[in-house]
Structures are given as C-alpha cells and as structure tokens.
Amino acid sequence: MDSKIIHAACMGAAVTMIATGIAIIKQERNINYIPREPRINAIAQREFYMDSILNRGDRHYVEQIRIKPVVLYNLCDVLTSHDLL
C-alpha cells in the first residue's frame with residue numbers, strides 16, 4: 001500500500017512540473033517583444049554627443065562630466081605622462 005501512495009505522489013509531482021513548464025512556455029510565447037532599432041552610424045552619434053558636451057560651455061560640461069574642463073585635461077595629461085591612459 002505504501003508503494004502505491006509513493007507512486008501516486010511521484011506521478012502527481014511529475015504532472016505538476018510538466019503543467020508548470022507548459023504554462024511558463026505559453027506565457028513566454030504570448031509576450032510581445034518590441035523590436036530594437038538598428039544603430040545607424042554609432043560612431044557619428046558618439047562624436048556628436050561628445051562634441052555637444054565639450055562645446056556647449058563650462059556649466060553644461062560640469063553638469064555632465066562633474067568636473068571643469070581644465071581639470072579633466074590636466075588629469076588626462078597626468079595619466080598620459082605615466083602611461084596610464
């Protein structure tokens with residue numbers, strides 16, 4: 001009698017796992033994915049962004065980079081002179 005109970009419990013667990021797997025697969029198939037637009041000329045976009053930061057004035061520069069341009073250029077010089085950049 002005990003083996004029948006154990007067998008029934010195992011079958012119930014197996015059926016539950018299969019039903020859960022099917023439910024997850026159905027849910028994943030129903031999700032509407034938003035297609036990502038391809039990047040067109042990412043290098044040009046990056047250059048435009050950096051140019052807009054560097055040439056809009058010190059206040060905008062400090063808001064974006066969080067340091068003044070002179071300090072950043074000095075930091076770059078120090079890092080370059082020690083072969084760290």
# chains A, B, ... in the order shown; residues from 1 in each chain; ligands from 1

call {"tool": "select_by_dssp", "arguments": {"residues": "chain A", "states": "alpha helix (DSSP H)", "output": "MDAnalysis selection string"}}
result
chainID A and resid 2:30 42:54 58:65 69:81

call {"tool": "residues_around", "arguments": {"residues": "segment 40-53 of chain A", "least_positions_apart": "6", "cutoff": "10 Å", "atoms": "only C-alpha atoms", "output": "MDAnalysis selection string"}}
result
chainID A and resid 59:65

call {"tool": "atom_distance", "arguments": {"atom1": "atom CA of Leu85 of chain A", "atom2": "atom CA of Pro69 of chain A"}}
result
17.2 Å

call {"tool": "atom_distance", "arguments": {"atom1": "atom CA of Glu28 of chain A", "atom2": "atom CA of Met11 of chain A"}}
result
25.8 Å

call {"tool": "decode", "arguments": {"residues": "segment 10-51 of chain A", "atoms": "N, CA and C atoms", "output": "tab-separated table (two decimals), in the first residue's frame"}}
result
chain	number	residue	atom	x	y	z
A	10	CYS	N	4.62	10.67	-6.57
A	10	CYS	CA	5.62	10.97	-7.60
A	10	CYS	C	4.95	11.35	-8.92
A	11	MET	N	3.91	10.64	-9.29
A	11	MET	CA	3.19	10.96	-10.53
A	11	MET	C	2.53	12.34	-10.44
A	12	GLY	N	1.98	12.64	-9.27
A	12	GLY	CA	1.37	13.96	-9.08
A	12	GLY	C	2.40	15.07	-9.19
A	13	ALA	N	3.58	14.85	-8.60
A	13	ALA	CA	4.65	15.85	-8.69
A	13	ALA	C	5.11	16.01	-10.13
A	14	ALA	N	5.25	14.91	-10.85
A	14	ALA	CA	5.69	14.97	-12.25
A	14	ALA	C	4.67	15.71	-13.10
A	15	VAL	N	3.39	15.42	-12.90
A	15	VAL	CA	2.34	16.10	-13.67
A	15	VAL	C	2.33	17.59	-13.35
A	16	THR	N	2.53	17.93	-12.09
A	16	THR	CA	2.58	19.34	-11.69
A	16	THR	C	3.74	20.06	-12.36
A	17	MET	N	4.90	19.43	-12.39
A	17	MET	CA	6.07	20.04	-13.02
A	17	MET	C	5.85	20.23	-14.52
A	18	ILE	N	5.28	19.23	-15.17
A	18	ILE	CA	5.01	19.34	-16.61
A	18	ILE	C	4.01	20.44	-16.88
A	19	ALA	N	2.95	20.52	-16.08
A	19	ALA	CA	1.93	21.55	-16.27
A	19	ALA	C	2.53	22.94	-16.04
A	20	THR	N	3.40	23.07	-15.04
A	20	THR	CA	4.05	24.35	-14.77
A	20	THR	C	4.94	24.75	-15.94
A	21	GLY	N	5.71	23.80	-16.48
A	21	GLY	CA	6.56	24.07	-17.63
A	21	GLY	C	5.75	24.51	-18.83
A	22	ILE	N	4.65	23.86	-19.10
A	22	ILE	CA	3.80	24.24	-20.23
A	22	ILE	C	3.23	25.64	-20.02
A	23	ALA	N	2.81	25.95	-18.80
A	23	ALA	CA	2.26	27.29	-18.52
A	23	ALA	C	3.32	28.36	-18.73
A	24	ILE	N	4.56	28.09	-18.31
A	24	ILE	CA	5.63	29.07	-18.49
A	24	ILE	C	5.92	29.27	-19.98
A	25	ILE	N	5.98	28.18	-20.73
A	25	ILE	CA	6.24	28.29	-22.18
A	25	ILE	C	5.14	29.08	-22.87
A	26	LYS	N	3.88	28.81	-22.52
A	26	LYS	CA	2.78	29.55	-23.13
A	26	LYS	C	2.85	31.03	-22.79
A	27	GLN	N	3.21	31.35	-21.55
A	27	GLN	CA	3.32	32.75	-21.14
A	27	GLN	C	4.44	33.45	-21.90
A	28	GLU	N	5.57	32.78	-22.07
A	28	GLU	CA	6.70	33.38	-22.79
A	28	GLU	C	6.34	33.63	-24.26
A	29	ARG	N	5.57	32.74	-24.84
A	29	ARG	CA	5.19	32.91	-26.25
A	29	ARG	C	4.21	34.07	-26.45
A	30	ASN	N	3.45	34.42	-25.42
A	30	ASN	CA	2.45	35.48	-25.53
A	30	ASN	C	3.02	36.87	-25.29
A	31	ILE	N	4.28	36.97	-24.86
A	31	ILE	CA	4.88	38.28	-24.61
A	31	ILE	C	5.19	38.95	-25.94
A	32	ASN	N	4.75	40.18	-26.08
A	32	ASN	CA	5.04	40.95	-27.29
A	32	ASN	C	6.37	41.66	-27.10
A	33	TYR	N	7.34	41.29	-27.90
A	33	TYR	CA	8.65	41.92	-27.82
A	33	TYR	C	8.69	43.13	-28.73
A	34	ILE	N	9.26	44.21	-28.22
A	34	ILE	CA	9.42	45.43	-29.01
A	34	ILE	C	10.76	45.31	-29.73
A	35	PRO	N	10.73	45.33	-31.05
A	35	PRO	CA	12.00	45.19	-31.78
A	35	PRO	C	12.90	46.39	-31.56
A	36	ARG	N	14.17	46.14	-31.42
A	36	ARG	CA	15.15	47.20	-31.21
A	36	ARG	C	15.58	47.73	-32.57
A	37	GLU	N	15.61	49.04	-32.65
A	37	GLU	CA	16.02	49.66	-33.91
A	37	GLU	C	17.52	49.50	-34.09
A	38	PRO	N	17.94	49.22	-35.30
A	38	PRO	CA	19.38	49.08	-35.52
A	38	PRO	C	20.09	50.42	-35.37
A	39	ARG	N	21.31	50.37	-34.85
A	39	ARG	CA	22.10	51.59	-34.71
A	39	ARG	C	22.69	51.94	-36.06
A	40	ILE	N	22.41	53.12	-36.49
A	40	ILE	CA	22.95	53.59	-37.75
A	40	ILE	C	24.05	54.60	-37.43
A	41	ASN	N	25.26	54.22	-37.74
A	41	ASN	CA	26.41	55.09	-37.57
A	41	ASN	C	26.59	55.52	-36.11
A	42	ALA	N	26.84	54.55	-35.26
A	42	ALA	CA	27.01	54.81	-33.83
A	42	ALA	C	28.23	55.68	-33.56
A	43	ILE	N	29.25	55.57	-34.38
A	43	ILE	CA	30.46	56.38	-34.18
A	43	ILE	C	30.13	57.86	-34.36
A	44	ALA	N	29.35	58.19	-35.37
A	44	ALA	CA	28.97	59.59	-35.61
A	44	ALA	C	28.10	60.11	-34.47
A	45	GLN	N	27.20	59.28	-33.96
A	45	GLN	CA	26.36	59.69	-32.84
A	45	GLN	C	27.20	59.95	-31.60
A	46	ARG	N	28.19	59.09	-31.35
A	46	ARG	CA	29.06	59.28	-30.19
A	46	ARG	C	29.87	60.56	-30.33
A	47	GLU	N	30.39	60.83	-31.53
A	47	GLU	CA	31.16	62.06	-31.76
A	47	GLU	C	30.28	63.29	-31.57
A	48	PHE	N	29.05	63.23	-32.06
A	48	PHE	CA	28.13	64.36	-31.91
A	48	PHE	C	27.83	64.60	-30.43
A	49	TYR	N	27.63	63.53	-29.66
A	49	TYR	CA	27.34	63.66	-28.23
A	49	TYR	C	28.53	64.28	-27.50
A	50	MET	N	29.73	63.77	-27.76
A	50	MET	CA	30.92	64.32	-27.10
A	50	MET	C	31.14	65.77	-27.50
A	51	ASP	N	30.92	66.09	-28.77
A	51	ASP	CA	31.08	67.46	-29.24
A	51	ASP	C	30.06	68.38	-28.55
